[in-house]
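A.B. asks: Next comes structure30.cif, mmCIF, all heavy atoms:
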```cif
data_start
#
loop_
_atom_site.label_atom_id
_atom_site.label_comp_id
_atom_site.auth_asym_id
_atom_site.auth_seq_id
_atom_site.Cartn_x
_atom_site.Cartn_y
_atom_site.Cartn_z
N MET A 887 16.62 -35.00 -40.86
CA MET A 887 15.47 -34.12 -40.90
C MET A 887 14.68 -34.28 -39.61
O MET A 887 14.52 -35.38 -39.10
CB MET A 887 14.62 -34.48 -42.10
CG MET A 887 13.79 -33.33 -42.58
SD MET A 887 12.95 -33.69 -44.10
CE MET A 887 13.73 -32.49 -45.10
N GLY A 888 14.17 -33.17 -39.05
CA GLY A 888 13.45 -33.20 -37.79
C GLY A 888 12.02 -33.68 -37.95
O GLY A 888 11.45 -33.67 -39.02
N VAL A 889 11.48 -34.13 -36.84
CA VAL A 889 10.10 -34.60 -36.82
C VAL A 889 9.21 -33.42 -36.43
O VAL A 889 9.47 -32.72 -35.46
CB VAL A 889 9.93 -35.75 -35.80
CG1 VAL A 889 8.47 -36.15 -35.70
CG2 VAL A 889 10.80 -36.91 -36.18
N VAL A 890 8.17 -33.21 -37.20
CA VAL A 890 7.22 -32.15 -36.92
C VAL A 890 6.00 -32.77 -36.24
O VAL A 890 5.40 -33.70 -36.77
CB VAL A 890 6.78 -31.42 -38.21
CG1 VAL A 890 5.73 -30.37 -37.90
CG2 VAL A 890 7.98 -30.81 -38.90
N ARG A 891 5.69 -32.26 -35.05
CA ARG A 891 4.53 -32.76 -34.32
C ARG A 891 3.39 -31.77 -34.44
O ARG A 891 3.58 -30.57 -34.27
CB ARG A 891 4.85 -32.97 -32.85
CG ARG A 891 5.83 -34.06 -32.61
CD ARG A 891 6.03 -34.26 -31.14
NE ARG A 891 7.02 -35.30 -30.91
CZ ARG A 891 7.40 -35.69 -29.74
NH1 ARG A 891 6.89 -35.14 -28.65
NH2 ARG A 891 8.29 -36.63 -29.61
N ARG A 892 2.25 -32.27 -34.70
CA ARG A 892 1.06 -31.43 -34.78
C ARG A 892 0.03 -31.96 -33.80
O ARG A 892 -0.22 -33.15 -33.73
CB ARG A 892 0.48 -31.43 -36.18
CG ARG A 892 1.40 -30.78 -37.17
CD ARG A 892 0.77 -30.69 -38.51
NE ARG A 892 1.76 -30.13 -39.44
CZ ARG A 892 1.48 -29.74 -40.64
NH1 ARG A 892 0.27 -29.86 -41.11
NH2 ARG A 892 2.41 -29.25 -41.40
N CYS A 893 -0.54 -31.06 -33.06
CA CYS A 893 -1.56 -31.43 -32.08
C CYS A 893 -2.94 -31.20 -32.67
O CYS A 893 -3.25 -30.09 -33.11
CB CYS A 893 -1.40 -30.62 -30.80
SG CYS A 893 0.13 -30.94 -29.94
N HIS A 894 -3.71 -32.22 -32.68
CA HIS A 894 -5.10 -32.11 -33.14
C HIS A 894 -6.01 -32.51 -32.00
O HIS A 894 -5.69 -33.37 -31.21
CB HIS A 894 -5.36 -33.03 -34.34
CG HIS A 894 -4.58 -32.65 -35.57
ND1 HIS A 894 -4.93 -31.58 -36.34
CD2 HIS A 894 -3.46 -33.18 -36.11
CE1 HIS A 894 -4.06 -31.48 -37.34
NE2 HIS A 894 -3.16 -32.44 -37.22
N GLY A 895 -7.13 -31.87 -31.92
CA GLY A 895 -8.08 -32.21 -30.88
C GLY A 895 -8.12 -31.15 -29.80
O GLY A 895 -7.51 -30.11 -29.89
N HIS A 896 -8.86 -31.45 -28.76
CA HIS A 896 -9.08 -30.50 -27.67
C HIS A 896 -8.01 -30.66 -26.60
O HIS A 896 -7.49 -31.74 -26.36
CB HIS A 896 -10.47 -30.72 -27.06
CG HIS A 896 -11.57 -30.55 -28.06
ND1 HIS A 896 -11.92 -29.33 -28.58
CD2 HIS A 896 -12.38 -31.45 -28.66
CE1 HIS A 896 -12.89 -29.49 -29.44
NE2 HIS A 896 -13.21 -30.78 -29.50
N GLY A 897 -7.71 -29.55 -25.93
CA GLY A 897 -6.81 -29.61 -24.81
C GLY A 897 -5.34 -29.45 -25.15
O GLY A 897 -4.50 -29.48 -24.28
N HIS A 898 -5.01 -29.30 -26.39
CA HIS A 898 -3.61 -29.15 -26.79
C HIS A 898 -3.34 -27.71 -27.22
O HIS A 898 -3.14 -27.40 -28.38
CB HIS A 898 -3.28 -30.10 -27.94
CG HIS A 898 -3.39 -31.53 -27.58
ND1 HIS A 898 -2.47 -32.18 -26.78
CD2 HIS A 898 -4.32 -32.46 -27.89
CE1 HIS A 898 -2.82 -33.43 -26.63
NE2 HIS A 898 -3.95 -33.63 -27.28
N GLY A 899 -3.35 -26.82 -26.28
CA GLY A 899 -3.11 -25.43 -26.60
C GLY A 899 -4.41 -24.65 -26.60
O GLY A 899 -5.47 -25.18 -26.93
N ASP A 900 -4.31 -23.41 -26.20
CA ASP A 900 -5.50 -22.56 -26.12
C ASP A 900 -5.31 -21.43 -27.10
O ASP A 900 -4.45 -20.58 -26.92
CB ASP A 900 -5.66 -22.04 -24.69
CG ASP A 900 -6.96 -21.31 -24.48
OD1 ASP A 900 -7.82 -21.38 -25.38
OD2 ASP A 900 -7.12 -20.67 -23.43
N GLY A 901 -6.11 -21.40 -28.12
CA GLY A 901 -5.98 -20.38 -29.15
C GLY A 901 -6.58 -19.05 -28.76
O GLY A 901 -6.42 -18.07 -29.44
N GLY A 902 -7.27 -18.97 -27.65
CA GLY A 902 -7.89 -17.73 -27.22
C GLY A 902 -9.12 -18.02 -26.37
O GLY A 902 -9.42 -19.15 -26.05
N ILE A 903 -9.79 -16.95 -26.02
CA ILE A 903 -10.98 -17.13 -25.19
C ILE A 903 -12.21 -17.17 -26.08
O ILE A 903 -12.22 -16.63 -27.18
CB ILE A 903 -11.09 -16.01 -24.14
CG1 ILE A 903 -11.19 -14.64 -24.80
CG2 ILE A 903 -9.94 -16.04 -23.19
CD1 ILE A 903 -11.46 -13.52 -23.82
N VAL A 904 -13.22 -17.80 -25.59
CA VAL A 904 -14.47 -17.87 -26.33
C VAL A 904 -15.29 -16.61 -26.06
O VAL A 904 -15.01 -15.85 -25.14
CB VAL A 904 -15.28 -19.14 -25.98
CG1 VAL A 904 -14.54 -20.39 -26.40
CG2 VAL A 904 -15.60 -19.19 -24.51
N THR A 905 -16.29 -16.40 -26.85
CA THR A 905 -17.09 -15.18 -26.78
C THR A 905 -17.73 -14.98 -25.41
O THR A 905 -17.75 -13.87 -24.89
CB THR A 905 -18.19 -15.21 -27.86
OG1 THR A 905 -17.56 -15.41 -29.13
CG2 THR A 905 -18.96 -13.92 -27.89
N SER A 906 -18.21 -16.04 -24.78
CA SER A 906 -18.84 -15.89 -23.47
C SER A 906 -17.83 -15.46 -22.42
O SER A 906 -18.14 -14.64 -21.55
CB SER A 906 -19.53 -17.18 -23.05
OG SER A 906 -18.58 -18.23 -22.94
N GLU A 907 -16.59 -15.97 -22.49
CA GLU A 907 -15.56 -15.54 -21.55
C GLU A 907 -15.19 -14.08 -21.78
O GLU A 907 -14.97 -13.33 -20.84
CB GLU A 907 -14.31 -16.42 -21.69
CG GLU A 907 -14.53 -17.84 -21.22
CD GLU A 907 -13.35 -18.73 -21.56
OE1 GLU A 907 -12.60 -18.40 -22.50
OE2 GLU A 907 -13.19 -19.76 -20.91
N TYR A 908 -15.13 -13.69 -23.03
CA TYR A 908 -14.83 -12.30 -23.38
C TYR A 908 -15.93 -11.39 -22.84
O TYR A 908 -15.65 -10.34 -22.26
CB TYR A 908 -14.71 -12.15 -24.89
CG TYR A 908 -14.42 -10.75 -25.34
CD1 TYR A 908 -13.14 -10.22 -25.23
CD2 TYR A 908 -15.42 -9.94 -25.87
CE1 TYR A 908 -12.87 -8.93 -25.63
CE2 TYR A 908 -15.15 -8.65 -26.27
CZ TYR A 908 -13.88 -8.16 -26.15
OH TYR A 908 -13.61 -6.87 -26.55
N ALA A 909 -17.18 -11.79 -23.00
CA ALA A 909 -18.30 -10.98 -22.53
C ALA A 909 -18.28 -10.84 -21.01
O ALA A 909 -18.50 -9.75 -20.48
CB ALA A 909 -19.62 -11.60 -22.99
N MET A 910 -18.01 -11.92 -20.30
CA MET A 910 -17.96 -11.86 -18.83
C MET A 910 -16.80 -10.99 -18.36
O MET A 910 -16.94 -10.22 -17.41
CB MET A 910 -17.84 -13.27 -18.25
CG MET A 910 -19.08 -14.11 -18.45
SD MET A 910 -20.58 -13.36 -17.80
CE MET A 910 -20.22 -13.37 -16.06
N GLY A 911 -15.67 -11.07 -19.03
CA GLY A 911 -14.53 -10.22 -18.69
C GLY A 911 -14.85 -8.76 -18.93
O GLY A 911 -14.48 -7.89 -18.13
N LEU A 912 -15.53 -8.46 -20.01
CA LEU A 912 -15.92 -7.09 -20.33
C LEU A 912 -16.91 -6.55 -19.31
O LEU A 912 -16.78 -5.41 -18.85
CB LEU A 912 -16.52 -7.04 -21.74
CG LEU A 912 -16.88 -5.66 -22.28
CD1 LEU A 912 -15.62 -4.79 -22.37
CD2 LEU A 912 -17.52 -5.78 -23.65
N ILE A 913 -17.87 -7.36 -18.92
CA ILE A 913 -18.86 -6.94 -17.91
C ILE A 913 -18.17 -6.66 -16.58
O ILE A 913 -18.46 -5.66 -15.91
CB ILE A 913 -19.97 -8.00 -17.77
CG1 ILE A 913 -20.85 -8.01 -19.02
CG2 ILE A 913 -20.81 -7.76 -16.52
CD1 ILE A 913 -21.79 -9.18 -19.11
N ALA A 914 -17.24 -7.53 -16.21
CA ALA A 914 -16.51 -7.32 -14.96
C ALA A 914 -15.68 -6.04 -15.01
O ALA A 914 -15.63 -5.28 -14.04
CB ALA A 914 -15.61 -8.52 -14.67
N ALA A 915 -15.03 -5.79 -16.13
CA ALA A 915 -14.21 -4.59 -16.27
C ALA A 915 -15.06 -3.32 -16.21
O ALA A 915 -14.67 -2.34 -15.57
CB ALA A 915 -13.43 -4.63 -17.59
N VAL A 916 -16.20 -3.33 -16.85
CA VAL A 916 -17.09 -2.17 -16.83
C VAL A 916 -17.63 -1.95 -15.42
O VAL A 916 -17.72 -0.81 -14.94
CB VAL A 916 -18.24 -2.35 -17.86
CG1 VAL A 916 -19.32 -1.30 -17.67
CG2 VAL A 916 -17.69 -2.29 -19.27
N GLY A 917 -17.98 -3.02 -14.73
CA GLY A 917 -18.45 -2.89 -13.35
C GLY A 917 -17.38 -2.32 -12.44
O GLY A 917 -17.65 -1.44 -11.62
N PHE A 918 -16.16 -2.80 -12.58
CA PHE A 918 -15.05 -2.29 -11.78
C PHE A 918 -14.79 -0.82 -12.08
O PHE A 918 -14.55 -0.02 -11.17
CB PHE A 918 -13.79 -3.12 -12.03
CG PHE A 918 -12.62 -2.66 -11.22
CD1 PHE A 918 -12.58 -2.87 -9.86
CD2 PHE A 918 -11.56 -2.02 -11.82
CE1 PHE A 918 -11.49 -2.45 -9.10
CE2 PHE A 918 -10.47 -1.59 -11.09
CZ PHE A 918 -10.44 -1.80 -9.72
N ALA A 919 -14.86 -0.45 -13.35
CA ALA A 919 -14.66 0.95 -13.73
C ALA A 919 -15.74 1.84 -13.13
O ALA A 919 -15.46 2.95 -12.68
CB ALA A 919 -14.65 1.09 -15.26
N GLY A 920 -16.97 1.37 -13.08
CA GLY A 920 -18.06 2.13 -12.48
C GLY A 920 -17.86 2.35 -10.99
O GLY A 920 -18.05 3.45 -10.47
N VAL A 921 -17.44 1.30 -10.31
CA VAL A 921 -17.18 1.41 -8.87
C VAL A 921 -16.01 2.36 -8.62
O VAL A 921 -16.07 3.23 -7.74
CB VAL A 921 -16.90 0.03 -8.25
CG1 VAL A 921 -16.38 0.15 -6.83
CG2 VAL A 921 -18.16 -0.83 -8.29
N LEU A 922 -14.95 2.23 -9.40
CA LEU A 922 -13.79 3.11 -9.25
C LEU A 922 -14.16 4.56 -9.50
O LEU A 922 -13.73 5.46 -8.78
CB LEU A 922 -12.68 2.66 -10.19
CG LEU A 922 -11.35 3.37 -10.07
CD1 LEU A 922 -10.77 3.19 -8.68
CD2 LEU A 922 -10.38 2.87 -11.12
N TYR A 923 -14.99 4.82 -10.50
CA TYR A 923 -15.44 6.18 -10.80
C TYR A 923 -16.21 6.76 -9.62
O TYR A 923 -15.99 7.92 -9.24
CB TYR A 923 -16.30 6.18 -12.07
CG TYR A 923 -16.87 7.54 -12.38
CD1 TYR A 923 -16.08 8.53 -12.96
CD2 TYR A 923 -18.20 7.84 -12.11
CE1 TYR A 923 -16.59 9.78 -13.25
CE2 TYR A 923 -18.72 9.08 -12.38
CZ TYR A 923 -17.92 10.05 -12.96
OH TYR A 923 -18.43 11.29 -13.23
N LYS A 924 -17.11 5.97 -9.04
CA LYS A 924 -17.88 6.45 -7.90
C LYS A 924 -16.98 6.77 -6.71
O LYS A 924 -17.19 7.76 -6.01
CB LYS A 924 -18.92 5.40 -7.48
CG LYS A 924 -20.12 5.32 -8.39
CD LYS A 924 -20.95 6.57 -8.22
CE LYS A 924 -22.31 6.37 -8.81
NZ LYS A 924 -23.13 7.56 -8.69
N VAL A 925 -15.98 5.94 -6.46
CA VAL A 925 -15.07 6.17 -5.34
C VAL A 925 -14.25 7.43 -5.57
O VAL A 925 -14.12 8.27 -4.67
CB VAL A 925 -14.14 4.95 -5.13
CG1 VAL A 925 -13.01 5.27 -4.18
CG2 VAL A 925 -14.95 3.76 -4.63
N VAL A 926 -13.71 7.59 -6.77
CA VAL A 926 -12.84 8.74 -7.06
C VAL A 926 -13.62 10.04 -7.04
O VAL A 926 -13.08 11.08 -6.65
CB VAL A 926 -12.10 8.52 -8.40
CG1 VAL A 926 -11.37 9.77 -8.84
CG2 VAL A 926 -11.13 7.37 -8.27
N THR A 927 -14.87 10.02 -7.46
CA THR A 927 -15.66 11.25 -7.50
C THR A 927 -16.43 11.51 -6.21
O THR A 927 -17.18 12.48 -6.14
CB THR A 927 -16.65 11.22 -8.69
OG1 THR A 927 -17.49 10.08 -8.58
CG2 THR A 927 -15.91 11.19 -10.02
N SER A 928 -16.22 10.68 -5.19
CA SER A 928 -16.92 10.90 -3.93
C SER A 928 -16.36 12.13 -3.22
O SER A 928 -15.24 12.57 -3.48
CB SER A 928 -16.79 9.67 -3.02
OG SER A 928 -15.46 9.53 -2.57
N ALA A 929 -17.12 12.68 -2.31
CA ALA A 929 -16.74 13.90 -1.60
C ALA A 929 -15.48 13.68 -0.75
O ALA A 929 -14.60 14.55 -0.71
CB ALA A 929 -17.89 14.38 -0.73
N GLN A 930 -15.39 12.53 -0.10
CA GLN A 930 -14.24 12.26 0.77
C GLN A 930 -12.94 12.19 -0.03
O GLN A 930 -11.93 12.75 0.37
CB GLN A 930 -14.44 10.96 1.56
CG GLN A 930 -15.56 10.98 2.56
CD GLN A 930 -16.90 10.59 1.94
OE1 GLN A 930 -17.00 10.30 0.76
NE2 GLN A 930 -17.94 10.59 2.75
N VAL A 931 -12.96 11.48 -1.13
CA VAL A 931 -11.76 11.34 -1.95
C VAL A 931 -11.41 12.68 -2.59
O VAL A 931 -10.24 13.07 -2.66
CB VAL A 931 -11.94 10.24 -3.02
CG1 VAL A 931 -10.76 10.20 -3.98
CG2 VAL A 931 -12.13 8.89 -2.36
N SER A 932 -12.41 13.41 -3.02
CA SER A 932 -12.16 14.73 -3.61
C SER A 932 -11.51 15.66 -2.60
O SER A 932 -10.54 16.37 -2.92
CB SER A 932 -13.48 15.33 -4.11
OG SER A 932 -13.26 16.59 -4.67
N ALA A 933 -12.00 15.66 -1.38
CA ALA A 933 -11.41 16.51 -0.34
C ALA A 933 -9.98 16.08 -0.03
O ALA A 933 -9.09 16.92 0.16
CB ALA A 933 -12.27 16.44 0.93
N ALA A 934 -9.73 14.79 0.01
CA ALA A 934 -8.39 14.29 0.28
C ALA A 934 -7.42 14.69 -0.83
O ALA A 934 -6.30 15.12 -0.56
CB ALA A 934 -8.40 12.78 0.44
N LEU A 935 -7.86 14.57 -2.08
CA LEU A 935 -7.01 14.96 -3.20
C LEU A 935 -6.74 16.47 -3.19
O LEU A 935 -5.62 16.90 -3.47
CB LEU A 935 -7.65 14.55 -4.53
CG LEU A 935 -7.67 13.05 -4.82
CD1 LEU A 935 -8.45 12.77 -6.09
CD2 LEU A 935 -6.26 12.51 -4.94
N GLN A 936 -7.74 17.26 -2.85
CA GLN A 936 -7.54 18.70 -2.76
C GLN A 936 -6.55 19.03 -1.66
O GLN A 936 -5.71 19.92 -1.81
CB GLN A 936 -8.86 19.42 -2.52
CG GLN A 936 -9.75 19.46 -3.74
CD GLN A 936 -11.09 20.12 -3.45
OE1 GLN A 936 -11.41 20.45 -2.32
NE2 GLN A 936 -11.88 20.31 -4.50
N GLY A 937 -6.60 18.32 -0.55
CA GLY A 937 -5.67 18.53 0.54
C GLY A 937 -4.24 18.21 0.13
O GLY A 937 -3.30 18.94 0.45
N VAL A 938 -4.06 17.11 -0.60
CA VAL A 938 -2.73 16.73 -1.07
C VAL A 938 -2.17 17.78 -2.03
O VAL A 938 -1.01 18.19 -1.93
CB VAL A 938 -2.77 15.34 -1.76
CG1 VAL A 938 -1.48 15.05 -2.49
CG2 VAL A 938 -3.07 14.26 -0.73
N VAL A 939 -3.01 18.24 -2.96
CA VAL A 939 -2.56 19.26 -3.91
C VAL A 939 -2.23 20.56 -3.18
O VAL A 939 -1.22 21.21 -3.46
CB VAL A 939 -3.63 19.49 -5.00
CG1 VAL A 939 -3.30 20.70 -5.87
CG2 VAL A 939 -3.78 18.24 -5.87
N GLN A 940 -3.05 20.94 -2.23
CA GLN A 940 -2.81 22.17 -1.47
C GLN A 940 -1.49 22.09 -0.71
O GLN A 940 -0.71 23.05 -0.71
CB GLN A 940 -3.97 22.45 -0.50
CG GLN A 940 -3.89 23.79 0.17
CD GLN A 940 -3.99 24.95 -0.82
OE1 GLN A 940 -4.74 24.88 -1.80
NE2 GLN A 940 -3.21 25.98 -0.61
N LYS A 941 -1.22 20.96 -0.07
CA LYS A 941 0.04 20.79 0.66
C LYS A 941 1.22 20.86 -0.30
O LYS A 941 2.26 21.42 0.02
CB LYS A 941 0.06 19.46 1.41
CG LYS A 941 -0.78 19.45 2.65
CD LYS A 941 -0.69 18.11 3.36
CE LYS A 941 -1.61 18.08 4.57
NZ LYS A 941 -1.56 16.78 5.26
N ALA A 942 1.07 20.26 -1.47
CA ALA A 942 2.16 20.27 -2.46
C ALA A 942 2.44 21.70 -2.95
O ALA A 942 3.59 22.08 -3.17
CB ALA A 942 1.82 19.36 -3.64
N LEU A 943 1.38 22.51 -3.09
CA LEU A 943 1.57 23.87 -3.57
C LEU A 943 2.12 24.79 -2.48
O LEU A 943 2.75 25.81 -2.79
CB LEU A 943 0.24 24.44 -4.09
CG LEU A 943 -0.31 23.76 -5.35
CD1 LEU A 943 -1.67 24.33 -5.70
CD2 LEU A 943 0.65 23.95 -6.52
N ASP A 944 1.93 24.44 -1.23
CA ASP A 944 2.41 25.25 -0.11
C ASP A 944 3.85 24.97 0.31
O ASP A 944 4.37 25.61 1.22
CB ASP A 944 1.50 25.06 1.11
CG ASP A 944 0.13 25.71 0.90
OD1 ASP A 944 0.02 26.58 0.02
OD2 ASP A 944 -0.80 25.32 1.63
N VAL A 945 4.49 23.99 -0.33
CA VAL A 945 5.87 23.62 0.03
C VAL A 945 6.81 24.77 -0.30
O VAL A 945 6.77 25.34 -1.38
CB VAL A 945 6.29 22.33 -0.72
CG1 VAL A 945 7.78 22.05 -0.51
CG2 VAL A 945 5.46 21.15 -0.27
N GLN A 946 7.67 25.11 0.67
CA GLN A 946 8.65 26.17 0.47
C GLN A 946 9.95 25.56 -0.07
O GLN A 946 10.45 24.59 0.45
CB GLN A 946 8.95 26.88 1.82
CG GLN A 946 7.73 27.53 2.43
CD GLN A 946 7.19 28.69 1.58
OE1 GLN A 946 7.96 29.41 0.96
NE2 GLN A 946 5.88 28.81 1.55
N PHE A 947 10.49 26.18 -1.10
CA PHE A 947 11.75 25.68 -1.68
C PHE A 947 12.92 26.46 -1.20
O PHE A 947 12.95 27.59 -0.98
CB PHE A 947 11.69 25.76 -3.21
CG PHE A 947 10.70 24.76 -3.78
CD1 PHE A 947 9.46 25.16 -4.24
CD2 PHE A 947 11.03 23.41 -3.87
CE1 PHE A 947 8.56 24.26 -4.77
CE2 PHE A 947 10.14 22.51 -4.40
CZ PHE A 947 8.91 22.93 -4.86
#
```
Once more with this new file: its structure as structure tokens, please.

C.D. replies:
Amino acid sequence: MGVVRRCHGHGHGDGGIVTSEYAMGLIAAVGFAGVLYKVVTSAQVSAALQGVVQKALDVQF
């Protein structure tokens, strides 16, 4: 019969993140999403995307 080992105490495996780590990760993700939204909706990026779409539509087959 095999020996079953059980780890008790701290430092023997991580069952997940704690609430404060989850909150900090969420805040960072929301901040990054806000910055990305501002960049994508800026006039320069919008003009560049319109140029790419226009070039794609003008391609002769």

A.B. asks: Enter the distance from atom C of Leu912 of chain A to atom OE1 of Gln930 of chain A, in Å, rounded to one decimal.

C.D. replies: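 Value for the atom C of Leu912 of chain A-atom OE1 of Gln930 of chain A distance: 26.2 Å.
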
A.B. asks: Report, in Å to a single decimal, how far apart atom CD of Lys924 of chain A and atom CG2 of Ile903 of chain A are.

C.D. replies: 29.3 Å

A.B. asks: Report, in Å with one decimal, the straight-line distance from atom OH of Tyr923 of chain A to atom CA of Leu935 of chain A.

C.D. replies: 15.6 Å
